[in-house]
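As provided, my_file_11.txt (compact mmCIF, C-alpha atoms) reads as follows.
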# COMPACT_ATOMS: atom_id res chain seq x y z
CA MET A 25 0.00 0.00 0.00
CA ALA A 26 1.34 3.40 -0.94
CA LEU A 27 1.15 5.31 2.26
CA SER A 28 2.12 8.91 1.81
CA THR A 29 -0.13 9.25 -1.23
CA THR A 30 -3.38 8.02 0.32
CA THR A 31 -4.00 11.10 2.41
CA ASP A 32 -7.18 12.86 1.45
CA PRO A 33 -7.24 16.66 1.81
CA ALA A 34 -10.19 16.23 4.19
CA ALA A 35 -8.38 13.57 6.25
CA PRO A 36 -7.27 14.68 9.69
CA PRO A 37 -3.60 15.68 9.59
CA LEU A 38 -0.91 14.62 11.99
CA SER A 39 -1.33 16.79 15.08
CA HIS A 40 1.76 18.88 15.76
CA GLN A 41 2.48 17.32 19.18
CA PHE A 42 3.07 13.90 17.63
CA GLU A 43 6.16 12.72 15.82
CA SER A 44 4.35 10.13 13.71
CA TYR A 45 0.90 8.80 12.88
CA GLU A 46 1.82 5.66 14.80
CA GLU A 47 2.49 7.71 17.93
CA GLN A 48 -0.76 9.64 17.42
CA ARG A 49 -2.69 6.40 17.02
CA GLN A 50 -1.09 4.86 20.14
CA SER A 51 -1.94 7.95 22.18
CA ALA A 52 -5.56 7.95 20.99
CA THR A 53 -5.96 4.25 21.80
CA LEU A 54 -4.37 4.72 25.22
CA GLY A 55 -6.71 7.62 25.99
CA ILE A 56 -9.79 5.60 25.07
CA TRP A 57 -8.59 2.68 27.20
CA VAL A 58 -8.13 4.94 30.24
CA PHE A 59 -11.73 6.11 29.72
CA LEU A 60 -12.86 2.48 29.36
CA ALA A 61 -11.13 1.64 32.66
CA THR A 62 -13.39 4.20 34.36
CA GLU A 63 -16.37 2.61 32.59
CA VAL A 64 -15.38 -0.82 33.94
CA LEU A 65 -15.45 0.61 37.47
CA PHE A 66 -18.67 2.56 36.78
CA PHE A 67 -20.56 -0.59 35.78
CA GLY A 68 -18.47 -2.59 38.27
CA ALA A 69 -20.01 -0.74 41.20
CA LEU A 70 -23.46 -1.92 40.06
CA PHE A 71 -22.14 -5.47 39.79
CA VAL A 72 -20.93 -5.20 43.41
CA VAL A 73 -24.42 -4.13 44.51
CA TYR A 74 -25.85 -7.05 42.52
CA VAL A 75 -23.56 -9.63 44.16
CA VAL A 76 -24.22 -8.30 47.68
CA TYR A 77 -28.03 -8.36 47.33
CA ARG A 78 -28.06 -11.67 45.50
CA TYR A 79 -26.01 -13.10 48.39
CA LEU A 80 -28.49 -11.67 50.90
CA TYR A 81 -31.70 -12.60 49.00
CA PRO A 82 -30.98 -15.63 46.76
CA ALA A 83 -34.61 -16.80 46.50
CA ALA A 84 -35.95 -13.41 45.46
CA PHE A 85 -33.27 -13.09 42.77
CA MET A 86 -34.14 -16.54 41.38
CA ALA A 87 -37.87 -15.70 41.34
CA GLY A 88 -37.20 -12.35 39.70
CA SER A 89 -34.81 -13.77 37.12
CA ARG A 90 -37.34 -16.43 36.10
CA ARG A 91 -39.75 -13.66 35.11
CA LEU A 92 -37.30 -12.37 32.48
CA ASP A 93 -37.60 -13.68 28.92
CA VAL A 94 -34.55 -15.91 28.21
CA THR A 95 -35.37 -16.12 24.49
CA LEU A 96 -35.42 -12.34 24.03
CA GLY A 97 -32.29 -12.02 26.18
CA ALA A 98 -30.44 -14.66 24.13
CA VAL A 99 -31.59 -13.13 20.82
CA ASN A 100 -30.35 -9.75 22.02
CA THR A 101 -27.00 -11.32 23.00
CA VAL A 102 -26.62 -12.72 19.47
CA ILE A 103 -27.60 -9.34 17.96
CA LEU A 104 -25.06 -7.50 20.10
CA LEU A 105 -22.26 -10.00 19.34
CA SER A 106 -23.08 -9.62 15.63
CA SER A 107 -22.88 -5.83 15.98
CA SER A 108 -19.42 -6.25 17.53
CA LEU A 109 -18.37 -8.29 14.49
CA THR A 110 -19.63 -5.64 12.03
CA MET A 111 -17.95 -2.96 14.18
CA ALA A 112 -14.61 -4.81 14.15
CA LEU A 113 -14.87 -5.26 10.37
CA ALA A 114 -15.78 -1.56 9.95
CA VAL A 115 -12.62 -0.56 11.84
CA ARG A 116 -10.61 -2.95 9.65
CA ALA A 117 -12.10 -1.44 6.48
CA ALA A 118 -11.27 2.07 7.75
CA GLN A 119 -7.72 0.91 8.46
CA LEU A 120 -7.41 -0.34 4.89
CA GLY A 121 -8.93 2.82 3.44
CA GLN A 122 -12.06 1.02 2.16
CA ARG A 123 -14.46 3.90 2.83
CA ARG A 124 -17.68 2.62 1.29
CA LEU A 125 -17.31 -0.78 2.93
CA SER A 126 -16.51 0.88 6.26
CA ALA A 127 -19.59 3.13 6.02
CA LEU A 128 -21.76 0.14 5.11
CA LEU A 129 -20.49 -1.89 8.09
CA LEU A 130 -20.95 1.08 10.44
CA ALA A 131 -24.54 1.39 9.18
CA ALA A 132 -25.06 -2.35 9.79
CA THR A 133 -23.77 -1.85 13.34
CA ILE A 134 -26.32 0.95 13.84
CA VAL A 135 -29.16 -1.28 12.56
CA LEU A 136 -28.13 -4.13 14.90
CA GLY A 137 -27.79 -1.73 17.84
CA ALA A 138 -31.24 -0.28 17.13
CA ALA A 139 -32.70 -3.81 16.92
CA PHE A 140 -31.20 -4.55 20.35
CA LEU A 141 -32.78 -1.42 21.82
CA GLY A 142 -36.13 -2.21 20.16
CA ILE A 143 -36.23 -5.66 21.77
CA LYS A 144 -35.09 -4.16 25.07
CA PHE A 145 -37.95 -1.65 25.11
CA GLN A 146 -40.38 -4.43 24.18
CA GLU A 147 -39.14 -6.29 27.27
CA TYR A 148 -39.57 -3.17 29.41
CA HIS A 149 -43.14 -2.92 28.14
CA HIS A 150 -43.83 -6.54 29.14
CA LYS A 151 -42.49 -5.87 32.63
CA PHE A 152 -44.73 -2.80 32.89
CA VAL A 153 -47.82 -4.82 31.88
CA GLU A 154 -46.86 -7.62 34.30
CA HIS A 155 -46.60 -5.25 37.30
CA LEU A 156 -42.86 -5.86 37.65
CA ILE A 157 -41.87 -2.18 37.82
CA PRO A 158 -40.64 -1.48 41.38
CA GLY A 159 -43.11 0.69 43.25
CA ALA A 160 -46.65 0.64 44.62
CA GLY A 161 -48.02 -1.50 41.76
CA PHE A 162 -45.30 -4.18 42.03
CA ARG A 163 -46.61 -7.74 42.28
CA LEU A 164 -44.65 -10.99 42.23
CA GLU A 165 -46.37 -14.02 43.76
CA GLY A 166 -44.56 -16.28 46.19
CA THR A 167 -41.80 -13.88 47.20
CA GLU A 168 -41.14 -11.17 49.68
CA ALA A 169 -42.03 -8.06 47.73
CA ARG A 170 -39.11 -5.90 48.87
CA PRO A 171 -36.12 -8.08 47.88
CA ALA A 172 -37.89 -9.04 44.62
CA GLN A 173 -38.28 -5.33 43.89
CA LEU A 174 -34.57 -4.94 44.56
CA PHE A 175 -33.86 -7.45 41.78
CA PHE A 176 -36.01 -5.45 39.37
CA CYS A 177 -34.45 -2.16 40.54
CA LEU A 178 -31.07 -3.62 39.60
CA TYR A 179 -32.44 -5.07 36.36
CA PHE A 180 -33.72 -1.66 35.24
CA ALA A 181 -30.70 0.27 36.52
CA MET A 182 -28.14 -2.03 34.88
CA THR A 183 -29.92 -2.64 31.58
CA GLY A 184 -31.04 1.00 31.48
CA LEU A 185 -27.51 2.30 31.93
CA HIS A 186 -26.36 -0.21 29.32
CA ALA A 187 -29.09 0.95 26.90
CA LEU A 188 -28.04 4.58 27.49
CA HIS A 189 -24.49 3.62 26.51
CA MET A 190 -25.82 1.90 23.38
CA THR A 191 -27.83 5.02 22.48
CA ILE A 192 -24.71 7.19 22.80
CA GLY A 193 -22.81 4.59 20.74
CA ILE A 194 -25.42 4.69 17.96
CA ALA A 195 -25.21 8.50 17.86
CA LEU A 196 -21.40 8.28 17.57
CA LEU A 197 -21.72 5.66 14.81
CA ALA A 198 -24.14 7.86 12.87
CA GLY A 199 -21.54 10.64 12.98
CA LEU A 200 -18.86 8.20 11.82
CA VAL A 201 -20.91 7.18 8.77
CA VAL A 202 -21.13 10.83 7.69
CA PHE A 203 -17.43 11.50 8.30
CA THR A 204 -16.40 8.25 6.59
CA LEU A 205 -18.38 9.09 3.44
CA ARG A 206 -16.88 12.59 3.47
CA GLY A 207 -13.43 11.01 3.42
CA SER A 208 -12.44 12.35 6.82
CA PHE A 209 -10.53 9.20 7.75
CA SER A 210 -7.46 7.65 6.21
CA PRO A 211 -5.34 4.59 6.90
CA GLU A 212 -2.95 6.94 8.76
CA ASN A 213 -5.67 8.39 10.95
CA TYR A 214 -8.93 6.53 11.53
CA ASN A 215 -8.59 7.01 15.28
CA PHE A 216 -12.20 8.09 15.78
CA VAL A 217 -13.40 4.87 14.17
CA GLU A 218 -10.99 2.80 16.26
CA GLY A 219 -11.96 4.60 19.50
CA THR A 220 -15.69 4.29 18.88
CA GLY A 221 -15.13 0.61 18.11
CA LEU A 222 -13.37 0.08 21.45
CA TYR A 223 -16.27 1.80 23.24
CA TRP A 224 -18.84 -0.32 21.37
CA HIS A 225 -17.01 -3.55 22.25
CA LEU A 226 -16.84 -2.59 25.93
CA VAL A 227 -20.61 -2.01 25.97
CA ASP A 228 -20.90 -5.49 24.41
CA ILE A 229 -18.74 -6.93 27.23
CA VAL A 230 -21.01 -5.36 29.86
CA TRP A 231 -23.97 -7.17 28.26
CA ILE A 232 -21.97 -10.44 28.12
CA PHE A 233 -21.98 -10.33 31.95
CA LEU A 234 -25.49 -8.87 32.36
CA PHE A 235 -27.14 -11.64 30.34
CA PRO A 236 -26.25 -14.64 32.57
CA LEU A 237 -26.44 -12.64 35.81
CA LEU A 238 -29.93 -11.27 35.12
CA TYR A 239 -31.63 -13.81 32.85
CA LEU A 240 -30.14 -17.18 33.77
CA VAL A 241 -30.34 -17.27 37.59
CA GLY A 242 -32.21 -20.24 39.05
CA ARG A 243 -33.34 -21.68 35.72
CA HIS A 244 -32.43 -25.23 36.78
CA VAL A 245 -34.79 -25.23 39.77
CA MET B 5 3.62 -9.19 14.53
CA SER B 6 6.56 -6.99 15.33
CA GLU B 7 7.13 -6.67 19.03
CA GLY B 8 9.87 -4.12 18.64
CA GLY B 9 7.87 -1.26 20.11
CA ALA B 10 8.24 -2.51 23.68
CA ALA B 11 10.93 -0.04 24.63
CA HIS B 12 9.20 2.87 22.91
CA VAL B 13 5.68 2.53 24.17
CA LEU B 14 4.60 6.14 23.91
CA LEU B 15 7.28 7.28 21.55
CA PRO B 16 7.71 4.59 18.94
CA GLU B 17 10.38 5.23 16.40
CA ALA B 18 9.07 6.87 13.29
CA HIS B 19 9.09 4.26 10.58
CA ASP B 20 8.67 4.99 6.93
CA SER B 21 5.77 2.59 6.96
CA ASP B 22 3.79 3.57 10.04
CA VAL B 23 0.61 2.01 8.75
CA GLU B 24 2.20 -1.11 7.33
CA SER B 25 3.75 -1.89 10.70
CA HIS B 26 0.17 -1.94 12.00
CA VAL B 27 -1.10 -4.96 10.07
CA ALA B 28 -4.84 -5.51 9.62
CA VAL B 29 -6.28 -8.56 11.36
CA PRO B 30 -7.53 -11.09 8.76
CA VAL B 31 -11.31 -11.31 8.33
CA TRP B 32 -11.38 -15.07 8.98
CA LEU B 33 -9.97 -14.53 12.46
CA TYR B 34 -12.80 -12.12 13.33
CA VAL B 35 -15.32 -14.65 12.02
CA VAL B 36 -13.77 -17.49 14.04
CA VAL B 37 -13.93 -15.37 17.22
CA TYR B 38 -17.56 -14.46 16.41
CA VAL B 39 -18.54 -18.14 15.97
CA ALA B 40 -16.77 -18.99 19.25
CA LEU B 41 -18.74 -16.22 21.01
CA LEU B 42 -22.03 -17.60 19.64
CA ALA B 43 -21.09 -21.14 20.74
CA LEU B 44 -20.22 -19.89 24.23
CA THR B 45 -23.56 -18.04 24.41
CA ALA B 46 -25.37 -21.29 23.57
CA SER B 47 -23.35 -23.18 26.22
CA THR B 48 -24.09 -20.62 28.94
CA VAL B 49 -27.85 -20.87 28.25
CA ALA B 50 -27.70 -24.69 28.18
CA ALA B 51 -25.62 -24.86 31.39
CA ALA B 52 -28.12 -22.63 33.21
CA TYR B 53 -30.81 -25.32 32.89
CA VAL B 54 -28.60 -28.04 34.44
CA ASP B 55 -28.42 -28.22 38.23
CA LEU B 56 -24.74 -27.93 39.08
CA GLY B 57 -25.30 -26.58 42.60
CA PRO B 58 -23.06 -23.63 43.41
CA LEU B 59 -21.07 -24.41 40.25
CA ASN B 60 -23.85 -22.85 38.15
CA ASN B 61 -22.55 -19.43 39.17
CA VAL B 62 -18.94 -20.39 38.48
CA VAL B 63 -19.85 -21.70 35.01
CA ALA B 64 -21.96 -18.63 34.17
CA VAL B 65 -19.29 -16.12 35.21
CA GLY B 66 -16.49 -18.29 33.80
CA ILE B 67 -18.06 -18.47 30.33
CA ALA B 68 -18.78 -14.71 30.44
CA ALA B 69 -15.12 -14.08 31.35
CA ILE B 70 -13.92 -16.21 28.42
CA LYS B 71 -16.25 -14.32 26.07
CA ALA B 72 -15.04 -10.98 27.44
CA ALA B 73 -11.41 -12.09 27.00
CA LEU B 74 -12.07 -13.03 23.35
CA VAL B 75 -13.66 -9.63 22.66
CA ILE B 76 -10.82 -7.77 24.42
CA LEU B 77 -7.97 -9.74 22.81
CA TYR B 78 -9.29 -9.92 19.22
CA PHE B 79 -12.10 -7.42 18.55
CA MET B 80 -10.33 -4.79 20.66
CA HIS B 81 -6.88 -5.81 19.35
CA VAL B 82 -5.30 -5.95 22.80
CA ARG B 83 -3.41 -9.09 21.80
CA TRP B 84 -1.42 -6.90 19.41
CA SER B 85 -1.41 -3.72 21.52
CA SER B 86 1.58 -2.08 23.13
CA PRO B 87 2.59 -3.16 26.66
CA LEU B 88 1.33 0.18 28.01
CA ILE B 89 -2.20 -0.47 26.75
CA LYS B 90 -2.08 -4.04 28.06
CA LEU B 91 -1.14 -2.58 31.44
CA VAL B 92 -4.14 -0.21 31.45
CA VAL B 93 -6.49 -3.08 30.50
CA LEU B 94 -5.10 -5.29 33.27
CA ALA B 95 -5.30 -2.40 35.75
CA ALA B 96 -8.96 -1.77 34.90
CA PHE B 97 -9.95 -5.34 35.77
CA LEU B 98 -7.58 -5.52 38.71
CA TRP B 99 -9.26 -2.40 40.21
CA LEU B 100 -12.63 -4.06 39.60
CA LEU B 101 -11.42 -7.14 41.51
CA TYR B 102 -10.18 -4.93 44.37
CA MET B 103 -13.59 -3.25 44.55
CA LEU B 104 -15.44 -6.58 44.47
CA GLY B 105 -13.02 -8.21 46.91
CA GLY B 106 -13.14 -5.32 49.36
CA ALA B 107 -16.93 -5.05 49.40
CA LEU B 108 -17.59 -8.79 49.51
CA SER B 109 -15.02 -9.58 52.21
CA ASP B 110 -17.11 -7.21 54.35
CA TYR B 111 -20.63 -8.47 53.46
CA PHE B 112 -19.74 -12.17 53.34
CA THR B 113 -18.16 -12.15 56.81
CA ARG B 114 -20.75 -10.12 58.76
CA GLY B 115 -22.60 -13.27 59.87
CA MET B 116 -19.38 -14.67 61.32
CA MET B 117 -19.00 -11.68 63.61
CA ALA B 118 -22.51 -11.79 65.08
CA PRO B 119 -22.28 -14.65 67.68
CA SER B 120 -19.52 -12.97 69.72
CA ARG B 121 -22.01 -10.50 71.27

Full structure transcribed into structure tokens:
Amino acid sequence: MALSTTTDPAAPPLSHQFESYEEQRQSATLGIWVFLATEVLFFGALFVVYVVYRYLYPAAFMAGSRRLDVTLGAVNTVILLSSSLTMALAVRAAQLGQRRLSALLLAATIVLGAAFLGIKFQEYHHKFVEHLIPGAGFRLEGTEARPAQLFFCLYFAMTGLHALHMTIGIALLAGLVVFTLRGSFSPENYNFVEGTGLYWHLVDIVWIFLFPLLYLVGRHV
Amino acid sequence: MSEGGAAHVLLPEAHDSDVESHVAVPVWLYVVVYVALLALTASTVAAAYVDLGPLNNVVAVGIAAIKAALVILYFMHVRWSSPLIKLVVLAAFLWLLYMLGGALSDYFTRGMMAPSR
């Protein structure tokens, strides 16, 4: 690949504080990873709360988990893993300067992310109809109401925060499609695509843990 | 992959071929990782319906950890990243373990303290 000749006039130049594109790319990736470390701890705190209350109220967590829809949860897991594949391939296409392919794969990632959110809101609707929203109208037979509500508080807090991250990710991806088609990225500098990809994969990892911890508790009983 | 950047983590030497030194991961490898992730998803669902006692939790979290590791190493390219980035990734999960360990060593041992009074 001819390197020095691929730079588009619209492509971001080498910032003056860097000696090379490689150094610029390494710095960008490092910065995103430091941000992702804070995200790990941000979600991690909710996982700590989950483990403590599940330890204190195992029966309520099993009863609550059995009211979630495993099929929809599993389908959403597959959708999100597929979106991570299209995202990884979009970053690869950007790295190789294949703009149209990269834009197409970014758009596919948006569609998959939107499908995930659509199913998620459908699930929220079911929980609303089934009186599983914590509060005065909460009803779950055969359990102490308060710990069972705690499970659903955590369910909505964790999946809600995750869905918020997905929404931000979709907005970022939409911006990337526009910039990619404008030719704003080049094999020397596609750092925004790479960084957004890292963020998207981390949101995927959060779901990888949420799915078994929320949907698959006490299924064998 | 060239591992020569180890001594120049933040300030790698300027090569003539900055981009070429940063080789694209082949598509087949991404697809293999994707298929492995789908297979692990199927196994975690299947394992949840089998009564393994307390091992159900270990299997669920263990499979999730393997899936997360695959995403981090391949989709997020950490397998080919500089040692500095590997350090940040390790630190992130180490801090998470500290937070979990600190909180749980408190909650899980409260019952043991009660009989003394």

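Distances here use only C-alpha atoms; by that measure, the residue among B:Ala73, B:Arg83, B:Leu44, B:Leu100 closest to chain A is B:Leu100.
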
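Each of A:Gly219, A:Gly97, A:Gly121, A:Pro236 was checked against Ser51 (chain A) using all atoms listed in the file; the smallest atom-to-atom distance is that of A:Gly219.
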
- Task: Check the smallest atom-to-atom distance from each of B:Ala52, B:Leu101, B:Ile67, B:Ala43 to chain A using only C-alpha atoms, then report the winner.
- Result: B:Ala52

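Across the structure, CA of Gly242 (chain A) and CA of Met86 (chain A) are spaced 4.8 Å apart.
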
- Item | Coordinates-based distance that separates CA of Leu185 (chain A) from CA of Gln173 (chain A) (Å, one decimal) | 17.8 Å

- Task: Would you kindly return, as number ranges by chain, each protein, DNA or RNA residue with an atom no farther than 8 Å from any atom of region 227-230 of chain A, considering all atoms listed in the file and excluding same-chain residues fewer than 4 positions away?
- Result: A: 67, 104-105, 108, 186, 189-190, 223, 234; B: 71-72, 75

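Interatomic distance, CA of Gly221 (chain A) to CA of Met80 (chain B): 7.7 Å.
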
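Of the residues listed (B:Val62, B:Leu88, B:Ala50, B:Ala96), B:Ala96 shows the shortest atom-to-atom separation from chain A; distances use all atoms listed in the file.
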
Region 126-145 of chain A: axis-aligned bounding box, 5 Å on each side, centre and edge lengths in Å, one decimal, as JSON:
{"center_x": -27.2, "center_y": -1.3, "center_z": 15.1, "size_x": 31.4, "size_y": 18.8, "size_z": 30.0}

- Item | From A:Val76, A:Val153, A:Ala114, A:Val135, residue lying nearest Thr113 (chain B) [all atoms listed in the file] | A:Val76

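Contact shell of Tyr38 (chain B) at 8 Å (only C-alpha atoms; same-chain neighbours under 2 positions omitted): Leu105, Ser106 and Leu109 of chain A; Tyr34, Val35, Val36, Ala40, Leu41 and Leu42 of chain B.
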
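The residue that comes closest to chain A, out of B:Val82, B:Ala64, B:Leu98, B:Leu91 and on the basis of all atoms listed in the file, is B:Ala64.
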
Using all atoms listed in the file, can you list as a compact mmCIF listing (two decimals) with C-alpha atoms, in the frame of the given file the residues within 10 Å of (-41.6, -3.6, 46.9)?
# COMPACT_ATOMS: atom_id res chain seq x y z
CA LEU A 156 -42.86 -5.86 37.65
CA ILE A 157 -41.87 -2.18 37.82
CA PRO A 158 -40.64 -1.48 41.38
CA GLY A 159 -43.11 0.69 43.25
CA ALA A 160 -46.65 0.64 44.62
CA GLY A 161 -48.02 -1.50 41.76
CA PHE A 162 -45.30 -4.18 42.03
CA ARG A 163 -46.61 -7.74 42.28
CA LEU A 164 -44.65 -10.99 42.23
CA GLU A 168 -41.14 -11.17 49.68
CA ALA A 169 -42.03 -8.06 47.73
CA ARG A 170 -39.11 -5.90 48.87
CA PRO A 171 -36.12 -8.08 47.88
CA ALA A 172 -37.89 -9.04 44.62
CA GLN A 173 -38.28 -5.33 43.89
CA LEU A 174 -34.57 -4.94 44.56
CA PHE A 176 -36.01 -5.45 39.37
CA CYS A 177 -34.45 -2.16 40.54

- Task: Write out as an MDAnalysis selection string the residues lying within 12 Å of Val217 (chain A), counting only C-alpha atoms and excluding same-chain residues fewer than 3 positions away.
- Result: chainID A and resid 49 52:53 56 111:119 121 123 126:127 129:130 193 196:204 208:214 220:224

Only C-alpha atoms, please: the residues just picked out, written as a compact mmCIF listing (two decimals), keeping the file's coordinate frame.
# COMPACT_ATOMS: atom_id res chain seq x y z
CA ARG A 49 -2.69 6.40 17.02
CA ALA A 52 -5.56 7.95 20.99
CA THR A 53 -5.96 4.25 21.80
CA ILE A 56 -9.79 5.60 25.07
CA MET A 111 -17.95 -2.96 14.18
CA ALA A 112 -14.61 -4.81 14.15
CA LEU A 113 -14.87 -5.26 10.37
CA ALA A 114 -15.78 -1.56 9.95
CA VAL A 115 -12.62 -0.56 11.84
CA ARG A 116 -10.61 -2.95 9.65
CA ALA A 117 -12.10 -1.44 6.48
CA ALA A 118 -11.27 2.07 7.75
CA GLN A 119 -7.72 0.91 8.46
CA GLY A 121 -8.93 2.82 3.44
CA ARG A 123 -14.46 3.90 2.83
CA SER A 126 -16.51 0.88 6.26
CA ALA A 127 -19.59 3.13 6.02
CA LEU A 129 -20.49 -1.89 8.09
CA LEU A 130 -20.95 1.08 10.44
CA GLY A 193 -22.81 4.59 20.74
CA LEU A 196 -21.40 8.28 17.57
CA LEU A 197 -21.72 5.66 14.81
CA ALA A 198 -24.14 7.86 12.87
CA GLY A 199 -21.54 10.64 12.98
CA LEU A 200 -18.86 8.20 11.82
CA VAL A 201 -20.91 7.18 8.77
CA VAL A 202 -21.13 10.83 7.69
CA PHE A 203 -17.43 11.50 8.30
CA THR A 204 -16.40 8.25 6.59
CA SER A 208 -12.44 12.35 6.82
CA PHE A 209 -10.53 9.20 7.75
CA SER A 210 -7.46 7.65 6.21
CA PRO A 211 -5.34 4.59 6.90
CA GLU A 212 -2.95 6.94 8.76
CA ASN A 213 -5.67 8.39 10.95
CA TYR A 214 -8.93 6.53 11.53
CA THR A 220 -15.69 4.29 18.88
CA GLY A 221 -15.13 0.61 18.11
CA LEU A 222 -13.37 0.08 21.45
CA TYR A 223 -16.27 1.80 23.24
CA TRP A 224 -18.84 -0.32 21.37

What would region 68-75 of chain A look like with all heavy atoms restored, written as a short mmCIF file (atom, residue, chain, number, x, y, z; two decimals), keeping the file's coordinate frame?
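The resulting file, result_22.cif, is reproduced below:
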data_model
loop_
_atom_site.label_atom_id
_atom_site.label_comp_id
_atom_site.auth_asym_id
_atom_site.auth_seq_id
_atom_site.Cartn_x
_atom_site.Cartn_y
_atom_site.Cartn_z
N GLY A 68 -18.92 -1.66 37.23
CA GLY A 68 -18.47 -2.59 38.27
C GLY A 68 -19.14 -2.33 39.60
O GLY A 68 -19.49 -3.28 40.31
N ALA A 69 -19.36 -1.06 39.93
CA ALA A 69 -20.01 -0.74 41.20
C ALA A 69 -21.41 -1.35 41.24
O ALA A 69 -21.85 -1.88 42.27
CB ALA A 69 -20.08 0.78 41.39
N LEU A 70 -22.12 -1.32 40.10
CA LEU A 70 -23.46 -1.92 40.06
C LEU A 70 -23.38 -3.43 40.21
O LEU A 70 -24.25 -4.06 40.82
CB LEU A 70 -24.16 -1.55 38.75
CG LEU A 70 -24.77 -0.15 38.72
CD1 LEU A 70 -25.21 0.22 37.31
CD2 LEU A 70 -25.95 -0.05 39.68
N PHE A 71 -22.32 -4.03 39.63
CA PHE A 71 -22.14 -5.47 39.79
C PHE A 71 -21.88 -5.83 41.26
O PHE A 71 -22.33 -6.87 41.74
CB PHE A 71 -21.01 -5.99 38.89
CG PHE A 71 -21.42 -6.17 37.45
CD1 PHE A 71 -21.08 -5.24 36.49
CD2 PHE A 71 -22.18 -7.27 37.07
CE1 PHE A 71 -21.48 -5.40 35.17
CE2 PHE A 71 -22.58 -7.44 35.75
CZ PHE A 71 -22.23 -6.50 34.80
N VAL A 72 -21.16 -4.96 41.98
CA VAL A 72 -20.93 -5.20 43.41
C VAL A 72 -22.26 -5.20 44.16
O VAL A 72 -22.55 -6.09 44.96
CB VAL A 72 -19.97 -4.14 44.00
CG1 VAL A 72 -19.91 -4.26 45.52
CG2 VAL A 72 -18.57 -4.29 43.41
N VAL A 73 -23.10 -4.20 43.86
CA VAL A 73 -24.42 -4.13 44.51
C VAL A 73 -25.21 -5.40 44.20
O VAL A 73 -25.83 -6.00 45.09
CB VAL A 73 -25.20 -2.88 44.01
CG1 VAL A 73 -26.61 -2.87 44.60
CG2 VAL A 73 -24.46 -1.61 44.35
N TYR A 74 -25.15 -5.83 42.94
CA TYR A 74 -25.85 -7.05 42.52
C TYR A 74 -25.40 -8.26 43.36
O TYR A 74 -26.22 -8.99 43.89
CB TYR A 74 -25.60 -7.29 41.02
CG TYR A 74 -26.07 -8.64 40.53
CD1 TYR A 74 -27.34 -8.80 40.00
CD2 TYR A 74 -25.24 -9.76 40.62
CE1 TYR A 74 -27.78 -10.05 39.57
CE2 TYR A 74 -25.67 -11.01 40.20
CZ TYR A 74 -26.94 -11.14 39.67
OH TYR A 74 -27.36 -12.38 39.26
N VAL A 75 -24.08 -8.45 43.46
CA VAL A 75 -23.56 -9.63 44.16
C VAL A 75 -23.97 -9.59 45.64
O VAL A 75 -24.40 -10.60 46.21
CB VAL A 75 -22.02 -9.73 44.02
CG1 VAL A 75 -21.49 -10.90 44.85
CG2 VAL A 75 -21.63 -9.91 42.57
#
